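Q: Sharing a structure with you now.
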Amino acid sequence: MDFYDFLKYVPKLAEVALPGSKAHYKMAPLERIESMKNGNVSGINPKSAAVMMLFYPKNGRTHLVLIVRNSYEGVHSAQIAFPGGKYESNDENFQNTALRETHEEVGIHPDSIEIIMPFTNLYIQPSNFMVYPYLGICREEIVFIPDSTEVADIIELPLSDFLNDNLLTKTTMSTSYATTIEIPAFEIKGHIVWGATAMMLSELKEVLKKVL
């Protein structure tokens, strides 16, 4: 989609009622859905993080940025994610966390990002994080400057590809909570996107389809 056509729909996005957990469940393993439905995190005291679901123009077309995380000793090693990270005490709010982390990870200054709306927060049980997603836009083309200590690669996903249901797939894998299970996922430019990122993408896609 032409980026300037996309901008015409942006004000309508904030008017859409978020589908929330119903959209998340569509991309969650069956083994996880029950724990998500029954889970009460009030007594768990999860850590907090925020991510940026950022749209921007590239060659005049609308794109969404994802990152490939570096390999490390941790549950999210080498996974596909949105730019973002852990809340820090000097962040005014979770929106500021998303802006700061996006700047640190891929080099986009907060002044270049217009926050459109928050999306439904999502609890990630394996790492005990509550993640707060934000939809943002950059109106100018971006020169990414990835932080090599955290980001292995940048994925620039055209909006038209994201909205195509051909990206939906299933894969079999072992996770931190089950072994050899079938998991719904997105296949994006040769990468399997599953788990929390896939769940947030599911909600984003549903909201976009209500407007575009």
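Going through the structure tokens in order, the chains are called A, B, and so on, while each chain numbers its residues from 1 and the ligands are numbered from 1 in the order shown.
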As number ranges by chain, please: every residue in region 44-180 of chain A that DSSP puts in strand (DSSP E or B).
A: A: 47-58, 61-69, 80-81, 84-86, 114-118, 122-124, 129-137, 151-158, 168-173
Q: Show me, as a Markdown table, the residues of region 154-185 of chain A having an atom within 12 Å of region 143-147 of chain A, each with the closest atom pair and its distance in Å, using only C-alpha atoms.
A:
| residue | atom | partner | partner_atom | distance |
| --- | --- | --- | --- | --- |
| A:Ile154 | CA | A:Pro146 | CA | 7.6 |
| A:Ile155 | CA | A:Phe144 | CA | 10.6 |
| A:Glu156 | CA | A:Phe144 | CA | 10.3 |
Q: Find the residues near region 160-170 of chain A: any atom within 10 Å, counting only C-alpha atoms, skip ones fewer than 2 places away on the same chain, and give them as a PDB file with C-alpha atoms, in the first residue's frame.
A:
ATOM      1  CA  MET A   1       0.000   0.000   0.000  1.00  0.00           C
ATOM      2  CA  ASP A   2       1.178   3.505  -0.823  1.00  0.00           C
ATOM      3  CA  MET A  27      -1.498 -17.431  17.347  1.00  0.00           C
ATOM      4  CA  PRO A  29      -0.235 -22.884  21.133  1.00  0.00           C
ATOM      5  CA  ARG A  61       5.271   1.807   0.130  1.00  0.00           C
ATOM      6  CA  THR A  62       4.181   1.106   3.713  1.00  0.00           C
ATOM      7  CA  HIS A  63       6.462  -1.191   5.718  1.00  0.00           C
ATOM      8  CA  LEU A  64       6.578  -2.648   9.244  1.00  0.00           C
ATOM      9  CA  LEU A 157       7.962  -6.219   5.962  1.00  0.00           C
ATOM     10  CA  PRO A 158       5.685  -4.624   3.344  1.00  0.00           C
ATOM     11  CA  THR A 172       6.495 -28.136  15.353  1.00  0.00           C
ATOM     12  CA  MET A 173       9.004 -27.228  18.015  1.00  0.00           C
ATOM     13  CA  GLU A 182       2.462 -27.693  17.003  1.00  0.00           C
ATOM     14  CA  ILE A 183       2.547 -23.909  17.059  1.00  0.00           C
ATOM     15  CA  PRO A 184       0.748 -21.383  14.831  1.00  0.00           C
ATOM     16  CA  ALA A 185       3.181 -18.919  13.302  1.00  0.00           C
ATOM     17  CA  PHE A 186       3.900 -16.399  10.586  1.00  0.00           C
ATOM     18  CA  GLU A 187       6.529 -17.240   7.979  1.00  0.00           C
ATOM     19  CA  ILE A 188       8.150 -13.913   7.161  1.00  0.00           C
ATOM     20  CA  LYS A 189      11.073 -13.706   4.730  1.00  0.00           C
ATOM     21  CA  ILE A 192       9.318 -18.409  11.624  1.00  0.00           C
ATOM     22  CA  VAL A 193       7.655 -15.836  13.886  1.00  0.00           C
ATOM     23  CA  TRP A 194       5.853 -17.400  16.838  1.00  0.00           C
ATOM     24  CA  ALA A 198       3.050 -13.592  16.599  1.00  0.00           C
ATOM     25  CA  LEU A 201       1.045  -9.316  15.138  1.00  0.00           C
ATOM     26  CA  LEU A 204      -2.331  -5.661  14.833  1.00  0.00           C
ATOM     27  CA  LYS A 205      -3.473  -7.458  11.682  1.00  0.00           C
ATOM     28  CA  GLU A 206      -7.087  -7.703  12.877  1.00  0.00           C
ATOM     29  CA  LEU A 208      -5.698  -3.060  10.305  1.00  0.00           C
ATOM     30  CA  LYS A 209      -8.173  -5.240   8.425  1.00  0.00           C
ATOM     31  CA  LEU A 212      -8.022  -0.768   5.409  1.00  0.00           C
TER      32      LEU A 212
END
Q: Of the candidates A:Ile113, A:Met199, A:Ser21, A:Asn121, which one gets nearest to Glu34 (chain A) if we count only C-alpha atoms?
A: A:Ser21
Q: Just give me the gap between CA of Gln79 (chain A) and CA of Ile181 (chain A) in Å, one decimal is fine.
A: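 Pair CA of Gln79 (chain A) / CA of Ile181 (chain A) returns 17.5 Å.
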Q: Any chance you could list, as a PyMOL selection string, the residues in region 80-209 of chain A that come up alpha helix (DSSP H) when DSSP is run on the backbone?
A: chain A and resi 94-106+159-162+195-209
Q: Of the residues A:Ser71, A:Thr102, A:Asn128, A:Gln95, which is the one nearest to Lys47 (chain A), using only C-alpha atoms?
A: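 When distances to Lys47 (chain A) are compared using only C-alpha atoms, the smallest one comes from A:Asn128.
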Q: Determine the nearest neighbour of Ala14 (chain A) from the options A:Pro118, A:Pro133, A:Gly190, A:Gly107, counting only C-alpha atoms.
A: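 Result for the nearest residue to Ala14 (chain A): A:Pro118.
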Q: I need the residue nearest Tyr87 (chain A) from this list: A:Arg32, A:Arg100, A:Lys12, A:His109. Use only C-alpha atoms for the distance.
A: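 Of all the options, A:Arg100 lies closest to Tyr87 (chain A).
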Q: Using only C-alpha atoms, pick whichever of A:Leu7, A:Leu66, A:Ala23, A:Val51 has the shortest atom-to-atom distance to Val151 (chain A).
A: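 Checking each candidate against Val151 (chain A), we get A:Leu66 as the closest.
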Q: Could you check which of A:Leu122, A:Ile115, A:Ser202, A:Thr180 is closest to Glu31 (chain A), using only C-alpha atoms?
A: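 Of A:Leu122, A:Ile115, A:Ser202, A:Thr180, the one nearest Glu31 (chain A) is A:Thr180, counting only C-alpha atoms.
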Q: Could you work out how far CA of Pro46 (chain A) lies from CA of Leu135 (chain A), giving the answer in Å with one decimal?
A: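 Rounded to one decimal, the two atoms are 22.5 Å apart.
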Q: Between CA of Ile124 (chain A) and CA of Thr171 (chain A), what is the distance, to one decimal in Å?
A: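 Here the two named atoms are 19.6 Å from each other.
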Q: Determine, using only C-alpha atoms, which residues of region 108-131 of chain A have any atom at most 10 Å from an atom of region 80-86 of chain A, and tabulate each with its shortest atom pair and distance in Å to one decimal place, rows ordered by chain and then rising number, as a Markdown table.
A:
| residue | atom | partner | partner_atom | distance |
| --- | --- | --- | --- | --- |
| A:Phe129 | CA | A:Lys86 | CA | 8.6 |
| A:Met130 | CA | A:Lys86 | CA | 9.6 |
| A:Val131 | CA | A:Gly85 | CA | 8.6 |
Q: With only C-alpha atoms as the counted atoms, please give the residues lying no more than 9 Å from Ile116 (chain A), apart from itself and same-chain residues fewer than 6 positions off, as a ChimeraX atom specification.
A: /A:10-11,13-14,134-137
